[in-house]
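The file coords_23.txt comes next; it holds compact mmCIF, C-alpha atoms.
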```txt
# COMPACT_ATOMS: atom_id res chain seq x y z
CA MET A 1 84.54 -168.12 44.52
CA PRO A 2 80.99 -167.09 45.45
CA GLU A 3 78.71 -166.69 42.43
CA SER A 4 77.35 -163.52 44.06
CA SER A 5 80.70 -161.86 43.30
CA HIS A 6 79.55 -161.17 39.75
CA LEU A 7 76.39 -159.44 40.97
CA ALA A 8 78.38 -157.57 43.61
CA LEU A 9 80.84 -156.23 41.04
CA LEU A 10 78.04 -155.27 38.68
CA LEU A 11 76.42 -153.27 41.49
CA ILE A 12 79.77 -151.76 42.49
CA GLY A 13 80.30 -150.66 38.89
CA LEU A 14 76.84 -149.11 38.90
CA LEU A 15 77.22 -147.41 42.29
CA GLY A 16 80.76 -146.29 41.55
CA GLY A 17 79.48 -144.61 38.40
CA THR A 18 79.65 -141.27 40.19
CA HIS A 19 83.43 -141.67 40.14
CA CYS A 20 83.34 -142.84 36.49
CA VAL A 21 81.36 -139.79 35.43
CA GLY A 22 83.78 -137.52 37.26
CA MET A 23 86.84 -139.11 35.64
CA CYS A 24 85.58 -140.14 32.20
CA GLY A 25 82.47 -138.06 31.66
CA GLY A 26 84.45 -135.36 29.91
CA ILE A 27 86.04 -137.95 27.63
CA VAL A 28 82.78 -139.51 26.49
CA GLY A 29 81.06 -136.14 26.36
CA ALA A 30 83.72 -134.91 23.94
CA LEU A 31 84.00 -138.22 22.08
CA SER A 32 83.61 -136.52 18.75
CA MET A 33 85.02 -133.12 19.75
CA GLY A 34 81.76 -131.22 19.49
CA ALA A 35 80.07 -133.17 16.69
CA PRO A 36 76.96 -135.09 17.75
CA ALA A 37 78.12 -138.63 18.54
CA SER A 38 75.67 -141.42 17.81
CA LEU A 39 74.59 -144.06 20.30
CA SER A 40 76.50 -146.63 18.23
CA MET A 41 79.72 -144.64 18.72
CA HIS A 42 79.18 -144.45 22.48
CA MET A 43 78.45 -148.17 22.56
CA ALA A 44 81.62 -148.87 20.57
CA TYR A 45 83.70 -146.72 22.92
CA ASN A 46 82.27 -148.40 26.01
CA THR A 47 82.61 -151.87 24.51
CA GLY A 48 86.31 -151.21 23.96
CA ARG A 49 86.63 -149.97 27.54
CA ILE A 50 84.91 -153.08 28.93
CA VAL A 51 87.06 -155.38 26.78
CA SER A 52 90.13 -153.79 28.39
CA TYR A 53 88.62 -154.33 31.84
CA ALA A 54 88.01 -158.01 31.04
CA THR A 55 91.59 -158.35 29.75
CA ALA A 56 92.95 -156.82 32.96
CA GLY A 57 90.64 -159.13 34.95
CA ALA A 58 92.01 -162.17 33.11
CA MET A 59 95.55 -161.06 33.95
CA ALA A 60 94.64 -160.50 37.62
CA GLY A 61 92.85 -163.87 37.83
CA ALA A 62 95.83 -165.65 36.27
CA LEU A 63 98.17 -163.94 38.72
CA GLY A 64 95.96 -165.03 41.61
CA GLU A 65 95.95 -168.59 40.28
CA VAL A 66 99.75 -168.66 40.10
CA SER A 67 100.02 -167.22 43.62
CA MET A 68 97.74 -169.91 45.01
CA ALA A 69 99.61 -172.66 43.16
CA LEU A 70 102.98 -171.58 44.53
CA SER A 71 101.94 -171.72 48.17
CA ALA A 72 99.29 -173.14 50.48
CA GLN A 73 96.07 -172.23 48.67
CA TRP A 74 93.66 -171.27 51.44
CA PRO A 75 95.96 -168.92 53.42
CA VAL A 76 96.79 -167.09 50.19
CA ARG A 77 93.13 -166.91 49.17
CA THR A 78 92.21 -165.52 52.59
CA VAL A 79 94.85 -162.79 52.25
CA LEU A 80 93.56 -161.93 48.77
CA TYR A 81 89.97 -161.74 50.03
CA LEU A 82 91.08 -159.45 52.84
CA LEU A 83 92.87 -157.25 50.28
CA ALA A 84 89.84 -157.17 47.97
CA ASN A 85 87.38 -156.21 50.70
CA GLY A 86 89.83 -153.73 52.18
CA MET A 87 89.97 -152.06 48.76
CA LEU A 88 86.16 -151.88 48.66
CA ILE A 89 86.09 -150.24 52.08
CA ALA A 90 88.72 -147.75 50.90
CA LEU A 91 86.66 -147.11 47.75
CA GLY A 92 83.51 -146.43 49.77
CA LEU A 93 85.37 -143.96 51.97
CA TYR A 94 86.99 -142.43 48.89
CA LEU A 95 83.62 -141.77 47.23
CA MET A 96 82.31 -140.31 50.48
CA GLY A 97 85.24 -137.89 50.57
CA VAL A 98 86.54 -139.27 53.87
CA THR A 99 89.95 -140.28 52.54
CA ARG A 100 92.02 -139.94 49.38
CA VAL A 101 93.82 -143.24 49.95
CA LEU A 102 92.90 -144.65 46.53
CA ALA A 103 94.54 -141.66 44.87
CA PHE A 104 97.83 -143.42 45.65
CA SER A 105 96.82 -146.43 43.55
CA GLU A 106 95.86 -144.12 40.70
CA ARG A 107 99.28 -142.46 40.87
CA CYS A 108 100.92 -145.89 40.68
CA GLY A 109 99.07 -146.58 37.44
CA GLN A 110 100.34 -143.38 35.86
CA LYS A 111 103.56 -145.06 34.67
CA LEU A 112 101.69 -147.45 32.39
CA TRP A 113 99.25 -144.73 31.38
CA ARG A 114 102.04 -142.42 30.18
CA HIS A 115 102.94 -145.04 27.57
CA LEU A 116 99.34 -145.71 26.50
CA GLN A 117 97.81 -142.23 26.44
CA PRO A 118 99.62 -141.09 23.25
CA LEU A 119 97.87 -143.95 21.38
CA SER A 120 94.49 -142.28 21.97
CA ARG A 121 95.52 -139.29 19.84
CA ARG A 122 95.30 -141.47 16.74
CA TYR A 123 91.54 -141.79 17.23
CA LEU A 124 90.61 -138.25 18.29
CA PRO A 125 88.39 -136.70 17.20
CA ALA A 126 86.42 -139.90 16.76
CA HIS A 127 83.95 -139.75 13.88
CA SER A 128 83.15 -143.43 13.46
CA VAL A 129 82.67 -146.70 15.32
CA ALA A 130 86.02 -147.84 13.91
CA GLN A 131 87.70 -144.99 15.80
CA ALA A 132 85.57 -145.10 18.95
CA PHE A 133 86.22 -148.78 19.70
CA PRO A 134 90.06 -148.61 19.83
CA LEU A 135 89.76 -145.32 21.72
CA GLY A 136 87.77 -147.22 24.36
CA LEU A 137 90.39 -149.97 24.41
CA VAL A 138 93.06 -147.40 25.29
CA TRP A 139 90.99 -145.44 27.83
CA GLY A 140 90.08 -148.67 29.61
CA TRP A 141 93.58 -148.51 31.09
CA LEU A 142 93.13 -145.03 32.58
CA PRO A 143 94.39 -145.13 36.21
CA CYS A 144 91.25 -145.45 38.34
CA GLY A 145 90.83 -146.44 41.98
CA LEU A 146 87.38 -147.85 41.21
CA VAL A 147 88.80 -150.22 38.58
CA TYR A 148 91.69 -151.22 40.85
CA SER A 149 89.23 -152.09 43.62
CA ALA A 150 87.35 -154.37 41.23
CA LEU A 151 90.63 -155.90 40.02
CA ALA A 152 91.49 -156.81 43.62
CA THR A 153 88.34 -158.95 43.63
CA ALA A 154 89.29 -160.49 40.26
CA LEU A 155 92.62 -161.42 41.83
CA THR A 156 90.79 -163.68 44.29
CA SER A 157 89.00 -165.59 41.53
CA GLY A 158 91.87 -168.03 41.01
CA SER A 159 91.57 -168.22 37.22
CA ALA A 160 91.90 -166.03 34.14
CA VAL A 161 88.40 -166.96 32.94
CA HIS A 162 86.71 -166.09 36.24
CA GLY A 163 88.77 -162.92 36.58
CA ALA A 164 87.69 -161.81 33.11
CA GLY A 165 84.06 -162.63 33.94
CA LEU A 166 84.15 -160.57 37.12
CA MET A 167 85.59 -157.55 35.35
CA LEU A 168 83.08 -157.99 32.53
CA ALA A 169 80.28 -157.81 35.12
CA PHE A 170 81.90 -154.73 36.64
CA GLY A 171 82.25 -153.08 33.23
CA VAL A 172 78.58 -153.71 32.41
CA GLY A 173 77.72 -152.08 35.75
CA THR A 174 79.58 -148.91 34.74
CA LEU A 175 77.88 -148.80 31.33
CA PRO A 176 74.61 -146.98 32.19
CA ASN A 177 76.37 -144.06 33.87
CA LEU A 178 78.89 -143.54 31.10
CA LEU A 179 76.33 -143.93 28.33
CA LEU A 180 74.23 -141.26 30.03
CA ALA A 181 77.33 -139.13 30.57
CA GLY A 182 77.94 -139.21 26.82
CA LEU A 183 74.34 -138.40 25.92
CA LEU A 184 73.50 -135.93 28.70
CA ALA A 185 77.04 -134.64 29.28
CA ALA A 186 77.23 -131.78 31.80
CA ARG A 187 73.80 -132.34 33.35
CA LEU A 188 74.68 -135.85 34.53
CA GLN A 189 78.14 -134.75 35.65
CA ALA A 190 76.61 -132.08 37.88
CA TYR A 191 74.22 -134.64 39.38
CA ALA A 192 76.93 -137.28 39.92
CA MET A 193 79.17 -134.82 41.73
CA LYS A 194 76.50 -133.89 44.29
CA ARG A 195 77.69 -134.73 47.78
CA GLY A 196 74.51 -136.60 48.71
CA VAL A 197 74.75 -138.87 45.68
CA ARG A 198 78.42 -139.67 46.29
CA LEU A 199 77.77 -140.20 50.00
CA ALA A 200 74.94 -142.68 49.35
CA CYS A 201 76.95 -144.63 46.76
CA GLY A 202 80.02 -144.61 48.99
CA LEU A 203 78.03 -145.94 51.95
CA LEU A 204 76.63 -148.81 49.90
CA ILE A 205 80.05 -149.82 48.58
CA LEU A 206 81.46 -149.49 52.10
CA GLY A 207 78.74 -151.93 53.19
CA PHE A 208 79.83 -154.41 50.49
CA GLY A 209 83.40 -154.26 51.78
CA ILE A 210 82.48 -154.61 55.46
CA TRP A 211 80.12 -157.52 54.75
CA GLY A 212 82.79 -159.26 52.67
CA LEU A 213 85.33 -158.71 55.43
CA LEU A 214 82.95 -160.21 57.99
CA GLY A 215 82.47 -163.18 55.67
CA VAL A 216 86.23 -163.73 55.40
CA LEU A 217 86.56 -163.59 59.17
CA GLY A 218 83.61 -165.97 59.61
CA LEU A 219 81.52 -163.35 61.42
CA ALA A 220 78.75 -162.82 58.86
CA PRO A 221 76.64 -165.86 59.97
CA ARG A 222 76.72 -164.59 63.56
CA VAL A 223 75.53 -161.15 62.44
CA LEU A 224 72.61 -162.75 60.60
CA ARG A 225 71.67 -164.89 63.61
CA SER A 226 71.83 -161.93 66.00
CA GLY A 227 69.61 -159.91 63.63
```

C-alpha cells encoding of this file:
Amino acid sequence: MPESSHLALLLIGLLGGTHCVGMCGGIVGALSMGAPASLSMHMAYNTGRIVSYATAGAMAGALGEVSMALSAQWPVRTVLYLLANGMLIALGLYLMGVTRVLAFSERCGQKLWRHLQPLSRRYLPAHSVAQAFPLGLVWGWLPCGLVYSALATALTSGSAVHGAGLMLAFGVGTLPNLLLAGLLAARLQAYAMKRGVRLACGLLILGFGIWGLLGVLGLAPRVLRSG
C-alpha cells in the first residue's frame, strides 16, 4: 500500500469538505440547539465522528485482508484498487454536479442508519463534552458517499490497522471544514455550496481518481515521461 495514500485521503477529506458541510453543517451548527457551543464540544463531537470512521476503516481493511487471503492476492488487490479509484472518480463527478451516482451508495447505507439514528436523540440537545462525543460516534455512521469513497480505499489496505489509519487521515482532513461549519454556521455553508467551490474540489478529487487508475493500469509512468 503506497504511503501516499494517507496524504491522499487527508486531502480528499479536506477537498470533500464542501459535501461534509452540506450534509453535516446543520448538525454541528445546531449541536447545542441554539445555545453557544464551545470549541471543546465541537472537538468532542468531531473526535467521536473520526473514531467511528477509523472503526469503519478497520472493518474495511480486515475485510480486504480476508478477501486477499481467500484467493490469489494480486488479482484481488488490483480489483480493489480499481474499485477505490472508480469511487474517487464518481465522487469528483458527484461534487461537480455531473452525476448523482453516489446517491445510490448513500441510500444503501440508510438501512443501518435507521437503527442508529434513534440513539442520537439521547444526546440532543448536547450541553457538554460527555454528550457531544457519543453524538459524534453515532453521526459518524451517517450514510455519506464521501465516506464510502474513502472506505473503498481502506478496503485495499489489506489490514485492519492500515484501514483504520487511512480513515483516521481522512477524518482529520474533514475536521477543518466541520469545525468551521460549527463556529461560522450558515456563512460557511453558503460558501461551500457555491458552484465554483464544488467544481474546483470535484475536479481535484477527480484527478486523484484518474491518476490512481492510471497507476493501477501501469500508465502513470508513461504519462510522466511524456510530460

Atom-to-atom span, atom CA of A:Gly86 and atom CA of A:Ala160, Å: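 Computing the Euclidean distance for atom CA of A:Gly86 and atom CA of A:Ala160 yields 21.9 Å.
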
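The interatomic distance for the pair atom CA of A:Val79 and atom CA of A:His19 works out to 26.9 Å.
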
What is the distance, in Å and to one decimal place, between atom CA of A:Met96 and atom CA of A:Arg198?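 Interatomic distance, atom CA of A:Met96 to atom CA of A:Arg198: 5.8 Å.
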
Contacts of stretch 40-46 of chain A within 6 Å, all atoms listed in the file, excl. fewer than 2 positions in-chain, as a tab-separated table (two decimals) with C-alpha atoms, in the frame of the given file:
```
chain	number	residue	atom	x	y	z
A	38	SER	CA	75.67	-141.42	17.81
A	48	GLY	CA	86.31	-151.21	23.96
A	49	ARG	CA	86.63	-149.97	27.54
A	129	VAL	CA	82.67	-146.70	15.32
A	132	ALA	CA	85.57	-145.10	18.95
A	133	PHE	CA	86.22	-148.78	19.70
A	136	GLY	CA	87.77	-147.22	24.36
```

Tell me, counting only C-alpha atoms, for each residue of stretch 134-202 of chain A within 12 Å of stretch 112-118 of chain A, which pair of atoms is nearest and how far apart they are in Å to one decimal, in rows ordered by chain and increasing number, as CSV.
```
residue,atom,partner,partner_atom,distance
A:Pro134,CA,A:Leu116,CA,11.8
A:Leu135,CA,A:Gln117,CA,9.8
A:Gly136,CA,A:Gln117,CA,11.4
A:Leu137,CA,A:Leu116,CA,10.1
A:Val138,CA,A:Leu116,CA,6.6
A:Trp139,CA,A:Gln117,CA,7.7
A:Gly140,CA,A:Trp113,CA,10.1
A:Trp141,CA,A:Trp113,CA,6.8
A:Leu142,CA,A:Trp113,CA,6.2
A:Pro143,CA,A:Trp113,CA,6.9
A:Cys144,CA,A:Trp113,CA,10.6
```

Nearest candidate to A:Met68 (options A:Gly16, A:Gly207, A:Gly158, A:Gly92; using only C-alpha atoms):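 For A:Met68, the nearest of the candidates is A:Gly158.
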
Find the residues around stretch 148-153 of chain A up to 10 Å (only C-alpha atoms counted), leave out those fewer than 5 positions away in its own chain, and share them as a ChimeraX atom specification. /A:1,5-6,8-10,12-13,53-54,56-61,64,80-91,102,105-106,109,143,163-164,166-167,169-171

Report the centre and edge lengths, in Å to one decimal, of an axis-aligned box enclosing every atom of stretch 122-141 of chain A listed in the file, padded by 8 Å on each side, as lines of an AutoDock Vina configuration file.
```
center_x = 89.0
center_y = -143.3
center_z = 22.3
size_x = 28.6
size_y = 29.3
size_z = 33.6
```
